[in-house]
file model.txt (compact mmCIF, C-alpha atoms)
# COMPACT_ATOMS: atom_id res chain seq x y z
CA MET A 1 0.00 0.00 0.00
CA GLY A 2 2.86 2.41 0.88
CA ALA A 3 4.47 2.31 -2.55
CA GLU A 4 1.10 2.74 -4.23
CA VAL A 5 0.28 5.81 -2.14
CA ARG A 6 3.69 7.32 -2.82
CA ASP A 7 3.24 6.90 -6.58
CA LYS A 8 -0.21 8.50 -6.44
CA VAL A 9 0.98 11.47 -4.37
CA VAL A 10 4.02 12.07 -6.59
CA LYS A 11 1.81 11.91 -9.69
CA GLU A 12 -0.82 14.31 -8.32
CA ILE A 13 1.69 16.90 -7.13
CA GLY A 14 3.48 16.54 -10.44
CA LYS A 15 0.44 18.23 -12.00
CA VAL A 16 1.54 21.55 -10.53
CA VAL A 17 5.17 21.14 -9.51
CA VAL A 18 7.68 19.83 -12.03
CA GLY A 19 10.83 17.84 -11.27
CA ARG A 20 10.47 17.67 -7.49
CA GLU A 21 9.69 13.95 -7.10
CA ARG A 22 12.39 13.35 -4.52
CA GLU A 23 11.27 16.36 -2.46
CA VAL A 24 7.64 15.14 -2.49
CA ASP A 25 8.81 11.68 -1.50
CA LEU A 26 10.71 13.15 1.46
CA LEU A 27 7.68 15.20 2.56
CA LEU A 28 5.48 12.10 2.56
CA MET A 29 8.11 10.05 4.36
CA CYS A 30 8.38 12.73 7.02
CA LEU A 31 4.61 13.00 7.47
CA LEU A 32 4.34 9.23 7.97
CA ALA A 33 7.22 9.34 10.46
CA ARG A 34 5.40 12.19 12.27
CA GLY A 35 8.20 14.67 11.79
CA HIS A 36 8.64 18.20 10.49
CA VAL A 37 10.43 19.43 7.41
CA LEU A 38 12.72 22.36 6.77
CA LEU A 39 12.86 23.43 3.14
CA GLU A 40 15.85 25.53 2.22
CA GLY A 41 16.37 27.32 -1.03
CA VAL A 42 16.43 30.63 -2.79
CA PRO A 43 13.06 32.32 -3.43
CA GLY A 44 11.10 31.12 -6.42
CA VAL A 45 11.95 27.42 -6.47
CA SER A 46 8.37 26.27 -5.65
CA LYS A 47 8.84 25.64 -1.93
CA THR A 48 5.50 27.20 -0.97
CA LEU A 49 3.63 25.70 -3.91
CA ILE A 50 4.83 22.20 -3.11
CA ALA A 51 3.68 22.54 0.52
CA ASN A 52 0.26 23.74 -0.58
CA ALA A 53 -0.13 21.01 -3.21
CA PHE A 54 1.01 18.40 -0.69
CA SER A 55 -1.75 19.34 1.77
CA LYS A 56 -4.33 19.42 -1.00
CA CYS A 57 -3.26 16.01 -2.24
CA LEU A 58 -3.71 14.48 1.21
CA GLY A 59 -6.91 16.38 1.96
CA LEU A 60 -5.36 18.10 4.95
CA GLN A 61 -6.05 21.53 6.39
CA PHE A 62 -3.33 23.97 5.39
CA LYS A 63 -2.35 27.30 6.93
CA ARG A 64 0.46 29.61 6.04
CA VAL A 65 2.27 32.05 8.29
CA GLN A 66 4.68 34.52 6.78
CA PHE A 67 7.45 35.01 9.30
CA THR A 68 8.61 38.62 9.50
CA PRO A 69 10.97 40.44 11.89
CA ASP A 70 7.99 41.92 13.81
CA ILE A 71 5.92 38.75 14.20
CA LEU A 72 4.98 37.71 17.76
CA PRO A 73 4.54 34.22 19.30
CA LEU A 74 0.86 35.13 19.77
CA ASP A 75 0.49 35.40 15.99
CA ILE A 76 1.37 31.72 15.66
CA ILE A 77 0.15 29.77 18.63
CA GLY A 78 -2.71 32.04 19.69
CA GLY A 79 -3.47 33.56 23.06
CA PHE A 80 -6.07 34.77 25.50
CA VAL A 81 -8.29 37.64 24.43
CA PHE A 82 -10.89 39.43 26.53
CA ASN A 83 -14.45 38.69 25.46
CA LEU A 84 -16.51 41.79 26.14
CA LYS A 85 -19.77 39.85 25.96
CA ASN A 86 -19.21 37.46 28.82
CA ARG A 87 -16.39 39.53 30.38
CA GLU A 88 -13.99 36.60 30.43
CA PHE A 89 -10.64 35.82 28.87
CA GLU A 90 -10.94 33.09 26.27
CA PHE A 91 -8.33 31.22 24.28
CA ARG A 92 -8.19 32.16 20.61
CA ARG A 93 -6.38 29.51 18.57
CA GLY A 94 -3.56 30.64 16.35
CA PRO A 95 -2.79 29.29 12.86
CA VAL A 96 -0.74 26.49 14.41
CA PHE A 97 -4.05 24.64 14.91
CA THR A 98 -4.05 22.99 11.52
CA ASN A 99 -2.70 19.84 9.87
CA ILE A 100 0.02 21.37 7.73
CA LEU A 101 1.52 24.64 8.91
CA LEU A 102 3.69 26.40 6.40
CA ALA A 103 6.11 28.58 8.33
CA ASP A 104 7.29 30.66 5.42
CA GLU A 105 10.77 32.18 5.72
CA ILE A 106 11.04 31.04 9.34
CA ASN A 107 14.51 32.51 9.67
CA ARG A 108 13.24 36.04 9.07
CA ALA A 109 11.68 35.98 12.57
CA PRO A 110 13.74 36.49 15.73
CA PRO A 111 14.73 33.36 17.72
CA LYS A 112 12.03 34.01 20.38
CA VAL A 113 9.30 33.53 17.79
CA GLN A 114 11.04 30.56 16.19
CA SER A 115 11.16 28.96 19.63
CA ALA A 116 7.42 29.49 20.07
CA LEU A 117 6.95 26.58 17.71
CA LEU A 118 9.16 24.23 19.75
CA GLU A 119 6.43 22.84 21.99
CA SER A 120 4.03 22.42 19.10
CA MET A 121 6.63 20.51 17.11
CA GLN A 122 7.87 18.33 19.94
CA GLU A 123 4.80 17.73 22.09
CA LEU A 124 2.12 18.29 19.42
CA GLN A 125 0.34 20.65 21.80
CA VAL A 126 0.23 24.33 22.72
CA THR A 127 0.44 25.77 26.21
CA VAL A 128 -0.40 29.40 26.92
CA GLU A 129 -0.54 30.64 30.50
CA GLY A 130 -1.12 27.14 31.86
CA HIS A 131 -3.82 26.36 29.32
CA THR A 132 -2.86 23.34 27.16
CA GLU A 133 -4.52 22.28 23.92
CA LYS A 134 -3.66 19.32 21.71
CA LEU A 135 -2.99 19.92 18.04
CA PRO A 136 -5.02 18.01 15.43
CA PHE A 137 -3.79 14.80 13.79
CA PRO A 138 -1.72 14.84 11.71
CA PHE A 139 0.35 17.90 12.46
CA MET A 140 3.39 18.81 10.45
CA VAL A 141 5.37 22.01 10.19
CA ILE A 142 6.83 22.69 6.79
CA ALA A 143 9.19 25.60 7.33
CA THR A 144 10.99 27.34 4.54
CA GLN A 145 14.18 29.24 5.05
CA ASN A 146 16.35 31.38 2.86
CA PRO A 147 20.06 30.64 2.73
CA LEU A 148 21.95 32.40 5.54
CA GLU A 149 23.83 34.60 3.09
CA PHE A 150 20.59 36.53 2.50
CA GLU A 151 19.97 39.87 4.19
CA GLY A 152 17.84 40.07 7.34
CA VAL A 153 17.83 36.43 8.30
CA TYR A 154 18.49 34.91 11.74
CA PRO A 155 20.14 31.50 11.93
CA LEU A 156 17.88 28.88 13.52
CA PRO A 157 19.20 27.83 16.95
CA GLU A 158 20.59 24.25 17.16
CA GLY A 159 17.70 23.22 19.42
CA GLN A 160 15.18 24.35 16.83
CA LEU A 161 17.09 22.78 13.93
CA ASP A 162 17.17 19.47 15.79
CA ARG A 163 13.35 19.46 15.85
CA PHE A 164 13.21 19.26 12.09
CA MET A 165 13.29 15.64 11.08
CA VAL A 166 14.42 16.39 7.55
CA LYS A 167 16.00 19.31 5.77
CA VAL A 168 15.37 19.42 2.07
CA SER A 169 17.54 21.66 -0.06
CA PHE A 170 15.80 23.07 -3.12
CA ARG A 171 18.30 23.62 -5.86
CA TYR A 172 17.66 25.32 -9.17
CA PRO A 173 16.00 22.98 -11.65
CA SER A 174 17.90 21.42 -14.52
CA ARG A 175 17.65 23.00 -17.98
CA GLU A 176 15.11 20.38 -19.14
CA VAL A 177 12.93 20.80 -16.04
CA GLU A 178 13.14 24.59 -16.28
CA SER A 179 11.99 24.42 -19.88
CA ASP A 180 9.06 22.23 -18.79
CA ILE A 181 8.20 24.71 -16.01
CA LEU A 182 8.17 27.60 -18.47
CA LYS A 183 6.02 25.62 -20.89
CA ARG A 184 3.48 24.77 -18.20
CA ASN A 185 3.32 28.36 -17.00
CA LEU A 186 2.13 29.50 -20.42
CA THR A 187 -1.26 28.42 -19.11
CA SER A 188 -2.22 29.04 -15.50
CA ILE A 189 -1.31 26.45 -12.88
CA ASP A 190 -3.95 25.88 -10.25
CA VAL A 191 -3.38 23.96 -7.02
CA ASN A 192 -7.05 23.01 -7.17
CA ASP A 193 -6.13 20.67 -10.06
CA VAL A 194 -4.50 18.45 -7.46
CA GLU A 195 -6.89 15.75 -6.34
CA THR A 196 -7.05 14.23 -2.88
CA VAL A 197 -5.71 10.68 -3.05
CA LEU A 198 -5.84 9.62 0.57
CA SER A 199 -8.46 9.78 3.30
CA LEU A 200 -7.60 10.66 6.89
CA ASP A 201 -8.34 7.06 7.93
CA GLN A 202 -5.99 5.70 5.29
CA LEU A 203 -3.31 8.14 6.40
CA ASP A 204 -3.83 7.10 10.01
CA ALA A 205 -3.50 3.44 8.98
CA LEU A 206 -0.25 4.17 7.14
CA VAL A 207 1.19 6.02 10.15
CA LYS A 208 0.33 3.00 12.31
CA GLN A 209 1.97 0.68 9.77
CA VAL A 210 5.21 2.65 10.03
CA ASN A 211 5.43 1.60 13.68
CA LYS A 212 5.19 -2.04 12.63
CA VAL A 213 8.13 -1.89 10.22
CA LYS A 214 10.87 -4.11 11.62
CA VAL A 215 14.33 -2.85 12.47
CA SER A 216 16.75 -5.68 13.27
CA ASP A 217 19.22 -5.47 16.15
CA GLU A 218 22.09 -5.53 13.67
CA VAL A 219 20.68 -2.53 11.82
CA LEU A 220 20.27 -0.70 15.14
CA ALA A 221 23.88 -1.52 16.00
CA TYR A 222 24.90 -0.14 12.60
CA LEU A 223 23.04 3.09 13.39
CA ALA A 224 24.84 3.33 16.72
CA ARG A 225 28.19 2.95 14.91
CA VAL A 226 27.22 5.73 12.49
CA ALA A 227 26.22 7.99 15.42
CA GLU A 228 29.51 7.30 17.17
CA ALA A 229 31.47 8.02 13.99
CA THR A 230 29.81 11.45 13.65
CA ARG A 231 30.68 12.26 17.26
CA THR A 232 34.34 11.29 16.95
CA GLU A 233 34.84 12.83 13.50
CA GLY A 234 37.58 15.46 13.73
CA ALA A 235 35.96 17.82 11.24
CA LEU A 236 32.78 18.13 13.36
CA VAL A 237 32.27 19.81 16.73
CA LEU A 238 28.71 18.56 17.02
CA GLY A 239 27.77 15.10 15.79
CA ALA A 240 24.37 13.45 15.56
CA SER A 241 22.33 13.64 18.78
CA PRO A 242 20.39 10.65 20.13
CA ARG A 243 17.22 12.47 19.04
CA ALA A 244 18.62 12.73 15.53
CA MET A 245 19.31 9.01 15.45
CA VAL A 246 15.82 8.19 16.78
CA GLN A 247 14.39 10.34 13.99
CA LEU A 248 16.62 8.56 11.47
CA VAL A 249 15.14 5.25 12.60
CA HIS A 250 11.56 6.58 12.25
CA CYS A 251 12.36 7.96 8.82
CA SER A 252 13.99 4.72 7.71
CA ARG A 253 10.85 2.83 8.68
CA ALA A 254 8.68 5.23 6.69
CA ARG A 255 11.14 4.97 3.80
CA ALA A 256 10.88 1.15 3.87
CA LEU A 257 7.07 1.31 3.97
CA LEU A 258 6.97 3.66 0.99
CA ASP A 259 9.17 1.16 -0.86
CA GLY A 260 6.67 -1.60 -0.08
CA ARG A 261 8.70 -3.39 2.61
CA ASN A 262 8.06 -4.18 6.27
CA TYR A 263 11.73 -4.14 7.28
CA VAL A 264 14.52 -1.57 7.19
CA THR A 265 17.71 -2.21 5.23
CA PRO A 266 21.02 -0.35 5.56
CA ALA A 267 20.29 1.07 2.10
CA ASP A 268 17.20 2.83 3.53
CA ILE A 269 19.39 4.46 6.14
CA LYS A 270 22.09 5.51 3.71
CA SER A 271 19.57 6.92 1.25
CA ILE A 272 18.13 9.40 3.76
CA ALA A 273 20.98 9.95 6.24
CA ASN A 274 22.08 13.15 4.55
CA ASP A 275 18.53 14.57 4.61
CA VAL A 276 18.03 13.70 8.28
CA LEU A 277 21.44 14.38 9.77
CA THR A 278 23.42 17.07 7.98
CA HIS A 279 21.47 20.08 9.30
CA ARG A 280 22.29 18.95 12.84
CA LEU A 281 26.03 18.59 12.31
CA THR A 282 28.30 21.49 13.20
CA ILE A 283 31.55 21.88 11.33
CA ASP A 284 34.73 22.54 13.28
CA ARG A 285 35.84 25.95 11.99
CA ALA A 286 39.46 25.24 12.92
CA ALA A 287 39.42 22.04 10.89
CA ALA A 288 37.76 23.90 8.03
CA LEU A 289 40.58 26.46 8.09
CA LYS A 290 43.10 23.61 7.80
CA GLY A 291 41.48 22.62 4.54
CA VAL A 292 39.19 19.84 5.81
CA SER A 293 35.88 19.78 3.93
CA ARG A 294 33.39 22.42 5.11
CA ASN A 295 30.54 20.55 3.59
CA PRO A 296 28.63 18.42 6.14
CA GLU A 297 27.15 16.32 3.33
CA ALA A 298 30.61 15.31 2.13
CA ILE A 299 31.74 14.55 5.68
CA LEU A 300 28.69 12.40 6.38
CA THR A 301 29.03 10.58 3.07
CA ALA A 302 32.65 9.77 3.95
CA ILE A 303 31.51 8.44 7.36
CA LEU A 304 28.83 6.27 5.77
CA ASP A 305 31.39 4.94 3.30
CA ARG A 306 33.60 3.95 6.22
CA VAL A 307 31.10 2.32 8.58
CA GLU A 308 30.36 -1.25 7.54
CA PRO A 309 26.66 -2.15 7.51
CA PRO A 310 25.32 -5.65 8.20
CA ARG A 311 25.07 -7.57 4.92
CA MET B 1 75.11 -34.28 -32.84
CA VAL B 2 72.63 -33.98 -29.97
CA SER B 3 70.98 -37.25 -29.17
CA ASN B 4 67.23 -37.73 -29.41
CA GLN B 5 67.13 -38.49 -25.68
CA VAL B 6 68.57 -35.08 -24.84
CA ILE B 7 66.06 -33.38 -27.13
CA LEU B 8 63.19 -35.32 -25.55
CA GLY B 9 64.45 -34.46 -22.08
CA ALA B 10 64.67 -30.75 -22.97
CA LEU B 11 61.15 -30.81 -24.42
CA LEU B 12 59.88 -32.46 -21.27
CA VAL B 13 61.43 -29.72 -19.13
CA VAL B 14 59.92 -27.03 -21.37
CA ASN B 15 56.51 -28.70 -21.16
CA ILE B 16 56.71 -28.94 -17.39
CA ALA B 17 57.72 -25.29 -17.16
CA LEU B 18 54.79 -24.28 -19.36
CA TYR B 19 52.04 -26.43 -17.92
CA ILE B 20 52.73 -26.25 -14.16
CA PRO B 21 51.79 -22.53 -13.85
CA LEU B 22 48.71 -23.21 -15.95
CA ILE B 23 47.63 -26.11 -13.74
CA LEU B 24 48.33 -24.06 -10.62
CA ALA B 25 46.22 -21.19 -11.98
CA VAL B 26 43.31 -23.57 -12.64
CA VAL B 27 43.61 -25.09 -9.16
CA ARG B 28 43.74 -21.62 -7.58
CA ARG B 29 40.70 -20.54 -9.57
CA ARG B 30 38.79 -23.66 -8.49
CA ARG B 31 39.69 -23.06 -4.87
CA ARG B 32 38.40 -19.47 -5.20
CA LYS B 33 35.06 -20.65 -6.49
CA VAL B 34 32.15 -20.06 -4.16
CA ASN B 35 30.16 -23.10 -3.22
CA ALA B 36 26.99 -22.48 -1.30
CA SER B 37 24.08 -24.62 -0.30
CA ASN B 38 21.89 -21.73 0.84
CA LEU B 39 21.37 -18.03 0.18
CA ALA B 40 23.21 -16.83 3.28
CA ASP B 41 26.39 -18.68 2.27
CA ALA B 42 26.00 -17.50 -1.30
CA PHE B 43 25.77 -13.85 -0.27
CA THR B 44 28.70 -14.22 2.14
CA GLY B 45 30.70 -15.59 -0.79
CA LEU B 46 29.50 -12.78 -3.03
CA GLU B 47 30.51 -10.21 -0.42
CA GLN B 48 34.05 -11.64 -0.32
CA ALA B 49 34.23 -11.80 -4.09
CA LEU B 50 33.07 -8.18 -4.36
CA LYS B 51 35.66 -6.98 -1.86
CA GLU B 52 38.42 -8.71 -3.86
CA ALA B 53 37.18 -7.81 -7.30
CA VAL B 54 36.23 -4.22 -6.57
CA PRO B 55 38.84 -2.88 -4.16
CA ASP B 56 37.58 0.70 -4.54
CA LEU B 57 34.10 -0.26 -3.30
CA PRO B 58 33.88 1.53 0.08
CA ALA B 59 33.73 -0.55 3.27
CA GLY B 60 30.26 0.84 3.93
CA PHE B 61 28.73 -0.45 0.70
CA THR B 62 25.18 -1.77 0.72
CA TRP B 63 23.78 -4.51 -1.51
CA GLU B 64 21.90 -1.83 -3.45
CA GLU B 65 25.16 -0.03 -4.23
CA ALA B 66 26.89 -3.29 -5.11
CA VAL B 67 24.11 -4.19 -7.54
CA ALA B 68 24.32 -0.73 -9.11
CA ARG B 69 28.08 -1.14 -9.55
CA LEU B 70 27.70 -4.60 -11.08
CA LYS B 71 25.02 -3.33 -13.45
CA SER B 72 27.14 -0.39 -14.57
CA SER B 73 29.89 -2.89 -15.38
CA GLY B 74 27.55 -4.86 -17.60
CA VAL B 75 27.02 -7.80 -15.23
CA LYS B 76 23.60 -9.41 -15.55
CA THR B 77 22.05 -9.20 -12.09
CA LYS B 78 18.38 -10.03 -12.63
CA GLY B 79 18.48 -13.49 -11.01
CA MET B 80 20.70 -12.23 -8.24
CA GLU B 81 18.37 -9.31 -7.48
CA ASP B 82 15.40 -11.65 -7.11
CA ALA B 83 17.43 -13.77 -4.70
CA LEU B 84 18.56 -10.63 -2.86
CA LYS B 85 14.96 -9.68 -2.13
CA SER B 86 14.36 -13.04 -0.42
CA TYR B 87 17.71 -12.83 1.37
CA GLU B 88 16.94 -9.34 2.73
CA GLU B 89 13.57 -10.51 4.04
CA TYR B 90 15.47 -13.17 5.97
CA ARG B 91 18.45 -10.97 6.92
CA TYR B 92 16.66 -7.79 7.99
CA GLY B 93 13.00 -8.79 8.20
CA GLY B 94 13.41 -11.74 10.56
CA GLU B 95 11.77 -14.17 8.11
CA PRO B 96 12.92 -17.81 8.02
CA MET B 97 15.70 -18.69 5.60
CA PRO B 98 14.05 -18.82 2.16
CA ASP B 99 14.23 -21.97 0.11
CA VAL B 100 15.62 -20.17 -2.92
CA ASP B 101 18.19 -21.62 -5.32
CA PRO B 102 21.46 -19.75 -4.63
CA ARG B 103 22.93 -20.59 -8.06
CA GLU B 104 22.34 -17.13 -9.55
CA VAL B 105 24.23 -15.50 -6.67
CA VAL B 106 27.02 -18.08 -6.81
CA LYS B 107 27.29 -17.49 -10.57
CA VAL B 108 27.91 -13.76 -10.03
CA ALA B 109 30.36 -14.45 -7.18
CA ASN B 110 32.33 -16.91 -9.28
CA MET B 111 32.30 -14.61 -12.23
CA LEU B 112 33.82 -11.88 -10.03
CA GLY B 113 36.40 -14.34 -8.68
CA GLY B 114 37.26 -15.26 -12.23
CA ILE B 115 37.76 -11.66 -13.26
CA SER B 116 39.82 -11.00 -10.17
CA ALA B 117 42.06 -14.04 -10.71
CA GLY B 118 42.62 -13.06 -14.32
CA ARG B 119 44.27 -9.74 -13.48
CA SER B 120 47.13 -9.07 -11.20
CA GLY B 121 46.39 -6.83 -8.26
CA GLY B 122 44.27 -4.13 -9.92
CA SER B 123 40.58 -3.35 -9.79
CA SER B 124 38.49 -5.59 -11.97
CA LEU B 125 35.21 -3.74 -12.14
CA GLY B 126 35.33 -0.10 -13.04
CA ARG B 127 32.77 2.43 -12.03
call {"tool": "encode", "arguments": {"input": "model.txt", "output": "structure tokens"}}
result
Amino acid sequence: MGAEVRDKVVKEIGKVVVGREREVDLLLMCLLARGHVLLEGVPGVSKTLIANAFSKCLGLQFKRVQFTPDILPLDIIGGFVFNLKNREFEFRRGPVFTNILLADEINRAPPKVQSALLESMQELQVTVEGHTEKLPFPFMVIATQNPLEFEGVYPLPEGQLDRFMVKVSFRYPSREVESDILKRNLTSIDVNDVETVLSLDQLDALVKQVNKVKVSDEVLAYLARVAEATRTEGALVLGASPRAMVQLVHCSRARALLDGRNYVTPADIKSIANDVLTHRLTIDRAAALKGVSRNPEAILTAILDRVEPPR
Amino acid sequence: MVSNQVILGALLVVNIALYIPLILAVVRRRRRKVNASNLADAFTGLEQALKEAVPDLPAGFTWEEAVARLKSSGVKTKGMEDALKSYEEYRYGGEPMPDVDPREVVKVANMLGGISAGRSGGSSLGR
């Protein structure tokens, strides 16, 4: 069922977004693993459109918040307002109460506001002045961020970055894909063309199936060796945290399910390790100055090439 | 005049010098051949053969990457891939050992051993 659903979702979103099959696949994997996604890329590479089409395709409620330097936590999670009619304070839900929350340009907001999302992302609930409310199922934050070289952006704190299960980098499309995009844009593209291919019950069933995907002890031991290798790697000051490795396991299970299997293979882990781990790794600046690679992807690939998986 | 006996003796020595390395090479090749009665043994043999035949394959290679490398080198892997699916179900999925004929896997392993034995020291399968 997993592989079938993946194919349907990729096909439907392909009606409005061209050449982003892998990105769609990662979004679906992350949703099934109950994680959140950080999309990074320059403006205009269809980050927002893909998030919108993804929600539409799964029949989920979608809300978008544009993060700006003057946004307040209240604008996201909600807060108490005074009701003049009954003369009582009542909780007004913010846009976080949805299935898919698009936090657009999250790194344009100051860290205080970015942190306002932490509880929602981790605990799937919101607490304001002692009042706690659960978020609906499913809940996923799709945050977009501009590269740090851009003006007026704040880097996401490590704690916040660690909450994102996957970071997807949106690169410019290839010449062929770009030509296809231009061709399609000669006529208007409407997200409403995307049809819903999955009911909430089916989605719930898939999420439950993810938890039944087997991970052998040997594969877990392999993951522990990978984690250790990131922590002892000279070019990194911060390796993969236990939370990162737990999320890698969840993602690998979702990956296996979407490939039509009920067990995780080392290939599942290797295929997504870069997407799950690299945004949590911190490069040692001193090592970088000595000419060691400054690219976390290259460092992680070298680690994965070194650590022997069970065969 | 050299006697016929001396000529025969010299020919015998030449023959021995020519054929002994050949026989040794055949024996070595036979010893290298993978024999497996089940899939697990066959894949263990294939793993060894891959490590010898493709020295630049990283230590962290997965079966998926190995298959991709074999394919790019023009090795026919269809039968082996079918067997791999059953083997992975057993290896990672906790299923009982499948009753699948390991011959296709053994064939690839022996083919790699053959390539490796045929060249001295260098990589046998390019990227």
call {"tool": "interface_residues", "arguments": {"input": "model.txt", "of": "chain A", "to": "chain B", "cutoff": "8 Å", "atoms": "only C-alpha atoms", "output": "mmCIF file with C-alpha atoms, keeping the file's coordinate frame"}}
result
data_model
loop_
_atom_site.group_PDB
_atom_site.id
_atom_site.type_symbol
_atom_site.label_atom_id
_atom_site.label_comp_id
_atom_site.auth_asym_id
_atom_site.auth_seq_id
_atom_site.Cartn_x
_atom_site.Cartn_y
_atom_site.Cartn_z
ATOM 1 C CA LYS A 214 10.870 -4.110 11.620
ATOM 2 C CA VAL A 215 14.330 -2.850 12.470
ATOM 3 C CA SER A 216 16.750 -5.680 13.270
ATOM 4 C CA VAL A 219 20.680 -2.530 11.820
ATOM 5 C CA ASN A 262 8.060 -4.180 6.270
ATOM 6 C CA TYR A 263 11.730 -4.140 7.280
ATOM 7 C CA VAL A 264 14.520 -1.570 7.190
ATOM 8 C CA THR A 265 17.710 -2.210 5.230
ATOM 9 C CA PRO A 266 21.020 -0.350 5.560
ATOM 10 C CA ALA A 267 20.290 1.070 2.100
ATOM 11 C CA LEU A 304 28.830 6.270 5.770
ATOM 12 C CA ASP A 305 31.390 4.940 3.300
ATOM 13 C CA ARG A 306 33.600 3.950 6.220
ATOM 14 C CA VAL A 307 31.100 2.320 8.580
ATOM 15 C CA GLU A 308 30.360 -1.250 7.540
ATOM 16 C CA PRO A 309 26.660 -2.150 7.510
ATOM 17 C CA ARG A 311 25.070 -7.570 4.920
#
call {"tool": "atom_distance", "arguments": {"input": "model.txt", "atom1": "CA of Val276 in chain A", "atom2": "CA of Lys167 in chain A"}}
result
6.5 Å
call {"tool": "atom_distance", "arguments": {"input": "model.txt", "atom1": "CA of Thr196 in chain A", "atom2": "CA of Gly59 in chain A"}}
result
5.3 Å
call {"tool": "residues_around", "arguments": {"input": "model.txt", "residues": "Arg103 in chain B", "least_positions_apart": "5", "cutoff": "10 Å", "atoms": "all atoms listed in the file", "output": "list in words"}}
result
Asn35, Ala36, Ser37, Asn38, Leu39, Ala42, Gly79, Met80, Ala83, Val108 and Ala109 of chain B
call {"tool": "closest_residue", "arguments": {"input": "model.txt", "among": "A:Val168, A:Val249, A:Ile76, A:Leu135", "to": "Leu223 in chain A", "atoms": "all atoms listed in the file"}}
result
A:Val249
call {"tool": "residues_around", "arguments": {"input": "model.txt", "residues": "Val24 in chain A", "least_positions_apart": "4", "cutoff": "9 Å", "atoms": "only C-alpha atoms", "output": "VMD selection string"}}
result
chain A and resid 6 9 to 10 13 20 28 to 29 50 to 51 54
call {"tool": "residues_around", "arguments": {"input": "model.txt", "residues": "range 246-248 of chain A", "least_positions_apart": "2", "cutoff": "8 Å", "atoms": "all atoms listed in the file", "output": "PyMOL selection string"}}
result
chain A and resi 35+165+242-244+250-252+269+272-273+276-277
call {"tool": "atom_distance", "arguments": {"input": "model.txt", "atom1": "CA of Ala254 in chain A", "atom2": "CA of Arg163 in chain A"}}
result
17.6 Å
call {"tool": "closest_residue", "arguments": {"input": "model.txt", "among": "B:Ile16, B:Val6, B:Ala53, B:Leu22", "to": "Asn110 in chain B", "atoms": "only C-alpha atoms"}}
result
B:Ala53
call {"tool": "residues_near_point", "arguments": {"input": "model.txt", "point": "(22.8, 15.6, 14.0)", "cutoff": "12 Å", "atoms": "only C-alpha atoms", "output": "PyMOL selection string"}}
result
chain A and resi 158-167+226-231+236-248+273-283+296-297+300
call {"tool": "build_atoms", "arguments": {"input": "model.txt", "residues": "range 14-23 of chain B", "atoms": "N, CA, C and O atoms", "output": "PDB file, in the frame of the given file"}}
result
ATOM      1  N   VAL B  14      60.670 -28.190 -20.862  1.00  0.00           N
ATOM      2  CA  VAL B  14      59.920 -27.030 -21.370  1.00  0.00           C
ATOM      3  C   VAL B  14      58.425 -27.205 -21.106  1.00  0.00           C
ATOM      4  O   VAL B  14      57.723 -26.292 -20.645  1.00  0.00           O
ATOM      5  N   ASN B  15      57.942 -28.426 -21.391  1.00  0.00           N
ATOM      6  CA  ASN B  15      56.510 -28.700 -21.160  1.00  0.00           C
ATOM      7  C   ASN B  15      56.127 -28.512 -19.701  1.00  0.00           C
ATOM      8  O   ASN B  15      55.085 -27.921 -19.387  1.00  0.00           O
ATOM      9  N   ILE B  16      56.999 -29.063 -18.841  1.00  0.00           N
ATOM     10  CA  ILE B  16      56.710 -28.940 -17.390  1.00  0.00           C
ATOM     11  C   ILE B  16      56.670 -27.461 -17.000  1.00  0.00           C
ATOM     12  O   ILE B  16      55.768 -26.996 -16.309  1.00  0.00           O
ATOM     13  N   ALA B  17      57.651 -26.725 -17.491  1.00  0.00           N
ATOM     14  CA  ALA B  17      57.720 -25.290 -17.160  1.00  0.00           C
ATOM     15  C   ALA B  17      56.495 -24.542 -17.681  1.00  0.00           C
ATOM     16  O   ALA B  17      56.012 -23.579 -17.069  1.00  0.00           O
ATOM     17  N   LEU B  18      55.959 -24.979 -18.790  1.00  0.00           N
ATOM     18  CA  LEU B  18      54.790 -24.280 -19.360  1.00  0.00           C
ATOM     19  C   LEU B  18      53.490 -24.661 -18.653  1.00  0.00           C
ATOM     20  O   LEU B  18      52.641 -23.811 -18.382  1.00  0.00           O
ATOM     21  N   TYR B  19      53.349 -25.978 -18.408  1.00  0.00           N
ATOM     22  CA  TYR B  19      52.040 -26.430 -17.920  1.00  0.00           C
ATOM     23  C   TYR B  19      51.830 -26.272 -16.415  1.00  0.00           C
ATOM     24  O   TYR B  19      50.703 -26.096 -15.977  1.00  0.00           O
ATOM     25  N   ILE B  20      52.928 -26.339 -15.629  1.00  0.00           N
ATOM     26  CA  ILE B  20      52.730 -26.250 -14.160  1.00  0.00           C
ATOM     27  C   ILE B  20      52.038 -24.931 -13.761  1.00  0.00           C
ATOM     28  O   ILE B  20      51.053 -24.956 -13.021  1.00  0.00           O
ATOM     29  N   PRO B  21      52.503 -23.769 -14.243  1.00  0.00           N
ATOM     30  CA  PRO B  21      51.790 -22.530 -13.850  1.00  0.00           C
ATOM     31  C   PRO B  21      50.323 -22.539 -14.284  1.00  0.00           C
ATOM     32  O   PRO B  21      49.454 -22.051 -13.557  1.00  0.00           O
ATOM     33  N   LEU B  22      50.092 -23.152 -15.453  1.00  0.00           N
ATOM     34  CA  LEU B  22      48.710 -23.210 -15.950  1.00  0.00           C
ATOM     35  C   LEU B  22      47.835 -24.044 -15.019  1.00  0.00           C
ATOM     36  O   LEU B  22      46.722 -23.648 -14.644  1.00  0.00           O
ATOM     37  N   ILE B  23      48.396 -25.230 -14.644  1.00  0.00           N
ATOM     38  CA  ILE B  23      47.630 -26.110 -13.740  1.00  0.00           C
ATOM     39  C   ILE B  23      47.410 -25.421 -12.397  1.00  0.00           C
ATOM     40  O   ILE B  23      46.308 -25.447 -11.843  1.00  0.00           O
TER      41      ILE B  23
END
